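What follows is a short report on a single structure.
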Amino acid sequence: MGKELDLLKFENSVRVTGSIHLPKGDRTGKSKRGVYLHFSLRHASIGYDGIERTSFLPVRVFDPGLQEWLRGKGEDARICLEGKLHSSTGSGKMYILAESLEDQAE
């Protein structure tokens, strides 16, 4: 059964809206996939207890066209993001691999 699970491919697609939160310092990184820009998406949601909570979802952008689009945005810009949930090879840190970014109407 263990080998069978290794062969399964899982897809964890996400679509979230929120505002851009830019890290201090260098926003670039490099992995086996290539060079990426990273940022956090500030996303508010209502918890099971009815209290609003803010999450900071880590995002990586590998696509050069999306990187250029992102460079034109600033802190708190409202966006809609579509992508897949991934874990980093080695560290295992979870992030969203952005496949599309667009302005979000307020």
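Going by the structure tokens order, chains are called A, B, ..., each with residues numbered from 1, while ligands are numbered from 1 in the order shown.
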Considering only C-alpha atoms, return as a list of chain:residue names whatever protein or nucleic-acid residues lie within 8 Å of range 16-21 of chain A, sequence-local ones (same chain, fewer than 6 positions apart) excluded.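 The contact residues come out as A:Phe39, A:Ser40, A:Leu41, A:Arg42, A:His43, A:Ala44, A:Phe56, A:Gly74, A:Glu75, A:Asp76, A:Ala77, A:Arg78, A:Ile79, A:Cys80, A:Leu81, A:Glu82, A:Gln104.
Nearest residue to Leu66 in chain A among A:Leu22, A:Ile51, A:Leu85, A:Ala98 is A:Ala98, counting only C-alpha atoms.
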With only C-alpha atoms as the counted atoms, please give the residues lying no more than 12 Å from Gly90 in chain A, apart from itself and same-chain residues fewer than 4 positions off, as a PyMOL selection string. chain A and resi 31-32+94
Based on the selection just made, write C-alpha atoms of those residues as a compact mmCIF listing (two decimals), in the first residue's frame.
# COMPACT_ATOMS: atom_id res chain seq x y z
CA SER A 31 14.83 26.65 -5.93
CA LYS A 32 14.94 23.68 -8.30
CA MET A 94 4.11 25.14 2.72
Of the residues A:Lys73, A:His38, A:Arg33, A:Lys24, which is the one nearest to Glu102 in chain A, using only C-alpha atoms?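 Residue with the minimum atom-to-atom distance to Glu102 in chain A: A:Lys73.
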Can you check which residues of range 1-104 of chain A DSSP gives as strand (DSSP E) on the backbone and send them as a ChimeraX atom specification? /A:13-21,28-31,34-46,52-61,78-87,94-103
Keeping only C-alpha atoms, write the selected residues as a PDB file, in the first residue's frame.
ATOM      1  CA  SER A  13      -5.895  23.966  -6.043  1.00  0.00           C
ATOM      2  CA  VAL A  14      -6.647  27.219  -4.250  1.00  0.00           C
ATOM      3  CA  ARG A  15      -8.357  30.487  -5.119  1.00  0.00           C
ATOM      4  CA  VAL A  16      -8.049  33.206  -2.506  1.00  0.00           C
ATOM      5  CA  THR A  17      -8.461  36.945  -2.302  1.00  0.00           C
ATOM      6  CA  GLY A  18      -6.677  39.309   0.000  1.00  0.00           C
ATOM      7  CA  SER A  19      -4.112  42.061   0.111  1.00  0.00           C
ATOM      8  CA  ILE A  20      -0.414  41.930  -0.635  1.00  0.00           C
ATOM      9  CA  HIS A  21       1.967  41.973   2.312  1.00  0.00           C
ATOM     10  CA  THR A  28      13.650  36.864  -4.534  1.00  0.00           C
ATOM     11  CA  GLY A  29      14.556  33.260  -3.955  1.00  0.00           C
ATOM     12  CA  LYS A  30      15.839  30.296  -5.925  1.00  0.00           C
ATOM     13  CA  SER A  31      14.826  26.651  -5.933  1.00  0.00           C
ATOM     14  CA  GLY A  34      13.971  28.449 -10.764  1.00  0.00           C
ATOM     15  CA  VAL A  35      14.004  32.023  -9.498  1.00  0.00           C
ATOM     16  CA  TYR A  36      10.873  33.241  -7.734  1.00  0.00           C
ATOM     17  CA  LEU A  37       9.408  36.302  -6.038  1.00  0.00           C
ATOM     18  CA  HIS A  38       7.756  35.738  -2.702  1.00  0.00           C
ATOM     19  CA  PHE A  39       5.204  37.658  -0.677  1.00  0.00           C
ATOM     20  CA  SER A  40       2.364  36.972   1.726  1.00  0.00           C
ATOM     21  CA  LEU A  41      -1.314  37.294   1.004  1.00  0.00           C
ATOM     22  CA  ARG A  42      -3.129  38.871   3.962  1.00  0.00           C
ATOM     23  CA  HIS A  43      -6.427  36.985   4.096  1.00  0.00           C
ATOM     24  CA  ALA A  44      -9.211  37.602   6.607  1.00  0.00           C
ATOM     25  CA  SER A  45     -11.679  34.844   7.452  1.00  0.00           C
ATOM     26  CA  ILE A  46     -14.275  34.119  10.106  1.00  0.00           C
ATOM     27  CA  GLU A  52     -12.412  37.360  12.326  1.00  0.00           C
ATOM     28  CA  ARG A  53      -8.851  36.161  11.957  1.00  0.00           C
ATOM     29  CA  THR A  54      -6.123  37.321   9.622  1.00  0.00           C
ATOM     30  CA  SER A  55      -3.813  34.785   8.026  1.00  0.00           C
ATOM     31  CA  PHE A  56      -0.613  35.563   6.147  1.00  0.00           C
ATOM     32  CA  LEU A  57      -0.406  32.969   3.365  1.00  0.00           C
ATOM     33  CA  PRO A  58       3.076  32.548   1.831  1.00  0.00           C
ATOM     34  CA  VAL A  59       3.116  32.781  -1.968  1.00  0.00           C
ATOM     35  CA  ARG A  60       5.823  32.108  -4.556  1.00  0.00           C
ATOM     36  CA  VAL A  61       5.649  33.415  -8.125  1.00  0.00           C
ATOM     37  CA  ARG A  78      -6.121  43.825  -3.295  1.00  0.00           C
ATOM     38  CA  ILE A  79      -5.672  40.778  -5.527  1.00  0.00           C
ATOM     39  CA  CYS A  80      -7.230  37.455  -6.417  1.00  0.00           C
ATOM     40  CA  LEU A  81      -4.780  34.576  -6.629  1.00  0.00           C
ATOM     41  CA  GLU A  82      -5.173  31.114  -8.134  1.00  0.00           C
ATOM     42  CA  GLY A  83      -2.595  28.387  -7.708  1.00  0.00           C
ATOM     43  CA  LYS A  84      -1.648  25.165  -6.015  1.00  0.00           C
ATOM     44  CA  LEU A  85      -0.566  24.366  -2.497  1.00  0.00           C
ATOM     45  CA  HIS A  86       3.000  23.006  -2.386  1.00  0.00           C
ATOM     46  CA  SER A  87       5.631  22.085   0.148  1.00  0.00           C
ATOM     47  CA  MET A  94       4.109  25.137   2.723  1.00  0.00           C
ATOM     48  CA  TYR A  95       3.395  27.868   0.179  1.00  0.00           C
ATOM     49  CA  ILE A  96       0.988  28.702  -2.614  1.00  0.00           C
ATOM     50  CA  LEU A  97       2.491  28.385  -6.097  1.00  0.00           C
ATOM     51  CA  ALA A  98       0.794  31.254  -7.935  1.00  0.00           C
ATOM     52  CA  GLU A  99      -0.520  30.419 -11.405  1.00  0.00           C
ATOM     53  CA  SER A 100      -2.609  33.557 -11.922  1.00  0.00           C
ATOM     54  CA  LEU A 101      -2.820  36.956 -10.251  1.00  0.00           C
ATOM     55  CA  GLU A 102      -5.385  39.650 -10.935  1.00  0.00           C
ATOM     56  CA  ASP A 103      -6.654  42.865  -9.416  1.00  0.00           C
TER      57      ASP A 103
END
Just list the residues in chain A DSSP gives helix (DSSP H, G or I) on the backbone, as a VMD selection string. chain A and resid 2 to 7 64 to 71
Nearest candidate to Leu70 in chain A (options A:Arg27, A:Asn12, A:Ala105, A:Lys93; using only C-alpha atoms):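 Ranked by minimum distance to Leu70 in chain A, first place goes to A:Arg27.
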Quote the spacing between CA of Glu68 in chain A and CA of Pro23 in chain A in Å to one decimal place.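 Straight-line distance from CA of Glu68 in chain A to CA of Pro23 in chain A works out to 16.9 Å.
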